[in-house]
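Student: My structure is below; once you've seen it, I'll send some questions.
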Amino acid sequence: MTGPEILDIARASIYLMLEISAPMMIVALVVGIAIALLQALTQVQEMTLVFVPKIIAIFVTLLLALPFMGQALGGYMTLIASKIAAG
């Protein structure tokens, strides 16, 4: 393998990591902003109020996105295996 091919694989892996982690990060951002807005409006400054809904939302998103994540990682592994086999 040449240098540009290795850089292409590295670029694809970084893009895949962002693609896989984006749904959970977006949901965590939205839930965090919603709870922060709720806390600011109601003057309730409970620290544990942020964590539980965010963890539950991320877990549900993970369960919903798991087939997509498996398919994306499987396709990437097939690409890497074909590159290794080709030499």
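Just so we're on the same page: first chain in the structure tokens is A, next is B, and so on; residues restart at 1 for each chain, and ligands are numbered from 1 in the order they show up.
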Excluding Ile55 of chain A and residues on its chain fewer than 6 positions from it, collect all residues at most 12 Å away from it, counting only C-alpha atoms, and give them as a PyMOL selection string.
Tutor: chain A and resi 24-25+27-29+31-32+48-49+61-62
Student: Could you save the residues just selected, with C-alpha atoms, as an mmCIF file, in the first residue's frame?
Tutor:
```
data_model
loop_
_atom_site.group_PDB
_atom_site.id
_atom_site.type_symbol
_atom_site.label_atom_id
_atom_site.label_comp_id
_atom_site.auth_asym_id
_atom_site.auth_seq_id
_atom_site.Cartn_x
_atom_site.Cartn_y
_atom_site.Cartn_z
ATOM 1 C CA MET A 24 -25.838 10.076 20.041
ATOM 2 C CA MET A 25 -24.020 13.404 20.225
ATOM 3 C CA VAL A 27 -29.439 13.723 20.945
ATOM 4 C CA ALA A 28 -27.256 14.493 23.972
ATOM 5 C CA LEU A 29 -26.923 18.104 22.802
ATOM 6 C CA VAL A 31 -31.599 16.921 25.600
ATOM 7 C CA GLY A 32 -28.937 18.919 27.443
ATOM 8 C CA THR A 48 -28.664 15.017 38.835
ATOM 9 C CA LEU A 49 -31.562 16.260 36.727
ATOM 10 C CA THR A 61 -30.735 6.401 20.429
ATOM 11 C CA LEU A 62 -28.009 3.773 20.632
#
```
Student: Could you work out how far atom CA of Leu38 of chain A lies from atom CA of Ile56 of chain A, giving the answer in Å with one decimal?
Tutor: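 Going from atom CA of Ile56 of chain A over to atom CA of Leu38 of chain A, I get 17.4 Å.
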Student: With only C-alpha atoms as the counted atoms, please give the residues lying no more than 9 Å from Met1 of chain A, apart from itself and same-chain residues fewer than 2 positions off, as a list of chain:residue names.
Tutor: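 With the cut-off at 9 Å, the set is A:Gly3, A:Pro4, A:Glu5, A:Ile6, A:Lys83, A:Ile84, A:Gly87.
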Student: Take the residues just selected and output them with C-alpha atoms as a PDB file, in the first residue's frame.
Tutor:
```pdb
ATOM      1  CA  GLY A   3       1.018   6.569   1.359  1.00  0.00           C
ATOM      2  CA  PRO A   4      -2.055   8.094  -0.290  1.00  0.00           C
ATOM      3  CA  GLU A   5      -3.992   4.839   0.122  1.00  0.00           C
ATOM      4  CA  ILE A   6      -3.184   4.791   3.834  1.00  0.00           C
ATOM      5  CA  LYS A  83      -7.320  -3.787   0.852  1.00  0.00           C
ATOM      6  CA  ILE A  84      -5.301  -6.205   2.993  1.00  0.00           C
ATOM      7  CA  GLY A  87      -1.768  -6.158  -0.869  1.00  0.00           C
TER       8      GLY A  87
END
```
Student: What gap, in Å, lies between atom CA of Val50 of chain A and atom CA of Ile26 of chain A?
Tutor: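 Computing the Euclidean distance for atom CA of Val50 of chain A and atom CA of Ile26 of chain A yields 15.4 Å.
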Student: If you measure from atom CA of Ala40 of chain A to atom CA of Pro53 of chain A, what distance in Å do you get, rounded to one decimal?
Tutor: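 These two atoms are separated by 16.5 Å.
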Student: Considering only C-alpha atoms, can you say which of A:Leu16, A:Val60, A:Ala34, A:Val44 comes closest to Gly74 of chain A?
Tutor: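 Under the stated criterion, the closest residue is A:Leu16.
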Student: From the set A:Ile35, A:Leu64, A:Ala72, A:Leu41, which residue has the shortest atom-to-atom contact distance to Glu19 of chain A, counting only C-alpha atoms?
Tutor: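 Counting only C-alpha atoms, the residue closest to Glu19 of chain A is A:Ala72.
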